[in-house]
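Engineer: To start, I am sharing the structure in question, which I have written as structure tokens.
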Amino acid sequence: FTALLDWYLGRKVRGAFRGIWVRGELPSAADGLIAYLNHSSFWDGFIAHQLGKLAGWDAYALMEEENLAKYRFHTRIGAFSVRRGDARSAVETLRYAKSVLARPNAAVVIFPQGEIRAGQGPLGSFSRGLEVLARSSKKLSVPIAIRYAFLEHEHPDVLIDVGTPHAPGDLAAY
């Protein structure tokens with residue numbers, strides 16, 4: 001079923017967009033990797049899934065429990081949940097994410113804005129979960145920016161900018 005879902009999602013992305021253009025190099029997840037992305041569209045999770053496949057990552061994505069309950073099929077492509085505002089859920093989710101990162105070639109994808117924020121202005125504040133996970137797992141993190149743009153075609157292009165992987169630290173520095 002997962003292979004069929006992978007095929008279907010790839011087909012949906014290819015049908016909705018002219019192309020996905022990546023600037024920068026997607027790092028290896030051989031020792032575990034945390035990828036954090038801006039969240040400006042419903043499509044972001046599907047694009048992250050495609051990036052994970054392109055990079056050869058065994059990718060998992062963090063989703064708010066309420067949204068994961070609405071879209072259960074995301075669990076088939078590696079999504080796991082957190083209940084916002086619930087400290088016990090946050091601890092359980094961090095433990096699970098750390099266990100995932102211990103697996104070979106695993107990448108955890110996080111949208112630290114915690115919600116869809118359309119537009120191209122400043123990212124605003126991030127949830128602290130990303131920083132806590134990076135520090136406690138001691139894994140490299142990579143910032144990735146997604147932008148949707150109508151350039152020379154009737155379908156939008158997906159523009160991806162991959163930042164420099166960095167060691168855990170205060171996110172304000174990146």
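Residue numbering restarts at 1 in every chain; chains get A, B, ... in the order shown in the structure tokens, and ligands count up from 1 in that same order.
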Find the residues near Gly169 of chain A: any atom within 8 Å, counting only C-alpha atoms, skip ones fewer than 5 places away on the same chain, and give them as a list in words.

Structural biologist: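 So the residues in contact are Glu131, Ala134 and Arg135 of chain A.
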
Engineer: Excluding Tyr60 of chain A and any residue of its chain fewer than 3 positions from it, enumerate the residues within 12 Å of it, using only C-alpha atoms, and give them as a PyMOL selection string.

Structural biologist: chain A and resi 29+32-36+45-46+48-53+57+63+74-81+96-101+103+105-111

Engineer: Which residues are near Leu159 of chain A? Cut-off 9 Å, only C-alpha atoms, ignore same chain within fewer than 3 positions. Put them as a list in words.

Structural biologist: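 Everything that qualifies: Gly19, Ile20, Trp21, Val22, Arg23, Ala145, Ile146, Arg147, Tyr148 and Ala149 of chain A.
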
Engineer: Go ahead and write the selection's residues with all heavy atoms as a PDB file, in the first residue's frame.

Structural biologist:
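Output below, filename again.pdb:
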ATOM      1  N   GLY A  19       7.301  21.864 -12.142  1.00  0.00           N
ATOM      2  CA  GLY A  19       8.525  21.189 -11.739  1.00  0.00           C
ATOM      3  C   GLY A  19       8.936  21.606 -10.346  1.00  0.00           C
ATOM      4  O   GLY A  19       8.420  22.570  -9.790  1.00  0.00           O
ATOM      5  N   ILE A  20       9.849  20.847  -9.789  1.00  0.00           N
ATOM      6  CA  ILE A  20      10.448  21.166  -8.501  1.00  0.00           C
ATOM      7  C   ILE A  20      11.907  21.492  -8.781  1.00  0.00           C
ATOM      8  O   ILE A  20      12.638  20.670  -9.343  1.00  0.00           O
ATOM      9  CB  ILE A  20      10.342  19.987  -7.509  1.00  0.00           C
ATOM     10  CG1 ILE A  20       8.882  19.647  -7.228  1.00  0.00           C
ATOM     11  CG2 ILE A  20      11.080  20.308  -6.209  1.00  0.00           C
ATOM     12  CD1 ILE A  20       8.683  18.419  -6.351  1.00  0.00           C
ATOM     13  N   TRP A  21      12.311  22.698  -8.428  1.00  0.00           N
ATOM     14  CA  TRP A  21      13.656  23.175  -8.695  1.00  0.00           C
ATOM     15  C   TRP A  21      14.386  23.330  -7.366  1.00  0.00           C
ATOM     16  O   TRP A  21      13.936  24.044  -6.482  1.00  0.00           O
ATOM     17  CB  TRP A  21      13.604  24.502  -9.450  1.00  0.00           C
ATOM     18  CG  TRP A  21      12.653  24.429 -10.600  1.00  0.00           C
ATOM     19  CD1 TRP A  21      11.359  24.871 -10.626  1.00  0.00           C
ATOM     20  CD2 TRP A  21      12.882  23.822 -11.864  1.00  0.00           C
ATOM     21  NE1 TRP A  21      10.777  24.596 -11.845  1.00  0.00           N
ATOM     22  CE2 TRP A  21      11.699  23.944 -12.631  1.00  0.00           C
ATOM     23  CE3 TRP A  21      13.979  23.185 -12.448  1.00  0.00           C
ATOM     24  CZ2 TRP A  21      11.585  23.461 -13.930  1.00  0.00           C
ATOM     25  CZ3 TRP A  21      13.850  22.699 -13.744  1.00  0.00           C
ATOM     26  CH2 TRP A  21      12.680  22.845 -14.453  1.00  0.00           C
ATOM     27  N   VAL A  22      15.514  22.646  -7.228  1.00  0.00           N
ATOM     28  CA  VAL A  22      16.254  22.630  -5.967  1.00  0.00           C
ATOM     29  C   VAL A  22      17.568  23.383  -6.134  1.00  0.00           C
ATOM     30  O   VAL A  22      18.362  23.065  -7.021  1.00  0.00           O
ATOM     31  CB  VAL A  22      16.538  21.185  -5.498  1.00  0.00           C
ATOM     32  CG1 VAL A  22      17.321  21.174  -4.198  1.00  0.00           C
ATOM     33  CG2 VAL A  22      15.244  20.403  -5.356  1.00  0.00           C
ATOM     34  N   ARG A  23      17.784  24.377  -5.268  1.00  0.00           N
ATOM     35  CA  ARG A  23      19.063  25.083  -5.208  1.00  0.00           C
ATOM     36  C   ARG A  23      19.742  24.648  -3.915  1.00  0.00           C
ATOM     37  O   ARG A  23      19.153  24.735  -2.836  1.00  0.00           O
ATOM     38  CB  ARG A  23      18.867  26.596  -5.214  1.00  0.00           C
ATOM     39  CG  ARG A  23      20.210  27.341  -5.173  1.00  0.00           C
ATOM     40  CD  ARG A  23      20.067  28.798  -5.389  1.00  0.00           C
ATOM     41  NE  ARG A  23      19.277  29.407  -4.318  1.00  0.00           N
ATOM     42  CZ  ARG A  23      18.983  30.698  -4.266  1.00  0.00           C
ATOM     43  NH1 ARG A  23      19.379  31.512  -5.224  1.00  0.00           N
ATOM     44  NH2 ARG A  23      18.273  31.176  -3.268  1.00  0.00           N
ATOM     45  N   ALA A 145      13.824  26.041   2.475  1.00  0.00           N
ATOM     46  CA  ALA A 145      12.753  26.995   2.168  1.00  0.00           C
ATOM     47  C   ALA A 145      12.012  26.530   0.925  1.00  0.00           C
ATOM     48  O   ALA A 145      12.629  26.129  -0.063  1.00  0.00           O
ATOM     49  CB  ALA A 145      13.329  28.387   1.947  1.00  0.00           C
ATOM     50  N   ILE A 146      10.685  26.580   0.995  1.00  0.00           N
ATOM     51  CA  ILE A 146       9.830  26.234  -0.141  1.00  0.00           C
ATOM     52  C   ILE A 146       9.090  27.490  -0.580  1.00  0.00           C
ATOM     53  O   ILE A 146       8.558  28.227   0.249  1.00  0.00           O
ATOM     54  CB  ILE A 146       8.775  25.166   0.238  1.00  0.00           C
ATOM     55  CG1 ILE A 146       9.426  23.905   0.785  1.00  0.00           C
ATOM     56  CG2 ILE A 146       7.892  24.837  -0.962  1.00  0.00           C
ATOM     57  CD1 ILE A 146       8.425  22.884   1.299  1.00  0.00           C
ATOM     58  N   ARG A 147       9.051  27.695  -1.883  1.00  0.00           N
ATOM     59  CA  ARG A 147       8.291  28.817  -2.446  1.00  0.00           C
ATOM     60  C   ARG A 147       7.567  28.323  -3.684  1.00  0.00           C
ATOM     61  O   ARG A 147       8.117  27.571  -4.481  1.00  0.00           O
ATOM     62  CB  ARG A 147       9.229  29.957  -2.802  1.00  0.00           C
ATOM     63  CG  ARG A 147       8.510  31.147  -3.366  1.00  0.00           C
ATOM     64  CD  ARG A 147       9.456  32.302  -3.580  1.00  0.00           C
ATOM     65  NE  ARG A 147       8.763  33.347  -4.285  1.00  0.00           N
ATOM     66  CZ  ARG A 147       9.318  34.118  -5.191  1.00  0.00           C
ATOM     67  NH1 ARG A 147      10.589  33.978  -5.495  1.00  0.00           N
ATOM     68  NH2 ARG A 147       8.622  35.037  -5.793  1.00  0.00           N
ATOM     69  N   TYR A 148       6.330  28.747  -3.857  1.00  0.00           N
ATOM     70  CA  TYR A 148       5.529  28.401  -5.022  1.00  0.00           C
ATOM     71  C   TYR A 148       5.419  29.649  -5.884  1.00  0.00           C
ATOM     72  O   TYR A 148       5.050  30.715  -5.373  1.00  0.00           O
ATOM     73  CB  TYR A 148       4.147  27.916  -4.594  1.00  0.00           C
ATOM     74  CG  TYR A 148       4.232  26.735  -3.642  1.00  0.00           C
ATOM     75  CD1 TYR A 148       4.283  26.923  -2.262  1.00  0.00           C
ATOM     76  CD2 TYR A 148       4.313  25.444  -4.128  1.00  0.00           C
ATOM     77  CE1 TYR A 148       4.399  25.854  -1.394  1.00  0.00           C
ATOM     78  CE2 TYR A 148       4.424  24.364  -3.262  1.00  0.00           C
ATOM     79  CZ  TYR A 148       4.467  24.573  -1.901  1.00  0.00           C
ATOM     80  OH  TYR A 148       4.583  23.500  -1.053  1.00  0.00           O
ATOM     81  N   ALA A 149       5.757  29.518  -7.167  1.00  0.00           N
ATOM     82  CA  ALA A 149       5.775  30.702  -8.024  1.00  0.00           C
ATOM     83  C   ALA A 149       5.261  30.364  -9.421  1.00  0.00           C
ATOM     84  O   ALA A 149       5.603  29.315  -9.976  1.00  0.00           O
ATOM     85  CB  ALA A 149       7.191  31.254  -8.119  1.00  0.00           C
TER      86      ALA A 149
END

Engineer: Do you know which residues are at most 8 Å from Phe126 of chain A counting only C-alpha atoms, after dropping those on the same chain fewer than 6 positions away, and could you put them as a PyMOL selection string?

Structural biologist: chain A and resi 112-114

Engineer: Next, write the just-selected residues to a file, as a short mmCIF file (atom, residue, chain, number, x, y, z; two decimals), in the first residue's frame, keeping N, CA, C and O atoms as the atom set.

Structural biologist:
data_model
loop_
_atom_site.label_atom_id
_atom_site.label_comp_id
_atom_site.auth_asym_id
_atom_site.auth_seq_id
_atom_site.Cartn_x
_atom_site.Cartn_y
_atom_site.Cartn_z
N PRO A 112 8.47 24.05 11.79
CA PRO A 112 8.50 24.64 13.12
C PRO A 112 7.60 25.86 13.31
O PRO A 112 7.42 26.30 14.44
N GLN A 113 7.02 26.37 12.24
CA GLN A 113 6.06 27.47 12.41
C GLN A 113 4.79 26.94 13.07
O GLN A 113 4.04 27.70 13.66
N GLY A 114 4.55 25.63 12.95
CA GLY A 114 3.43 25.00 13.62
C GLY A 114 2.09 25.18 12.95
O GLY A 114 1.10 24.63 13.40
#
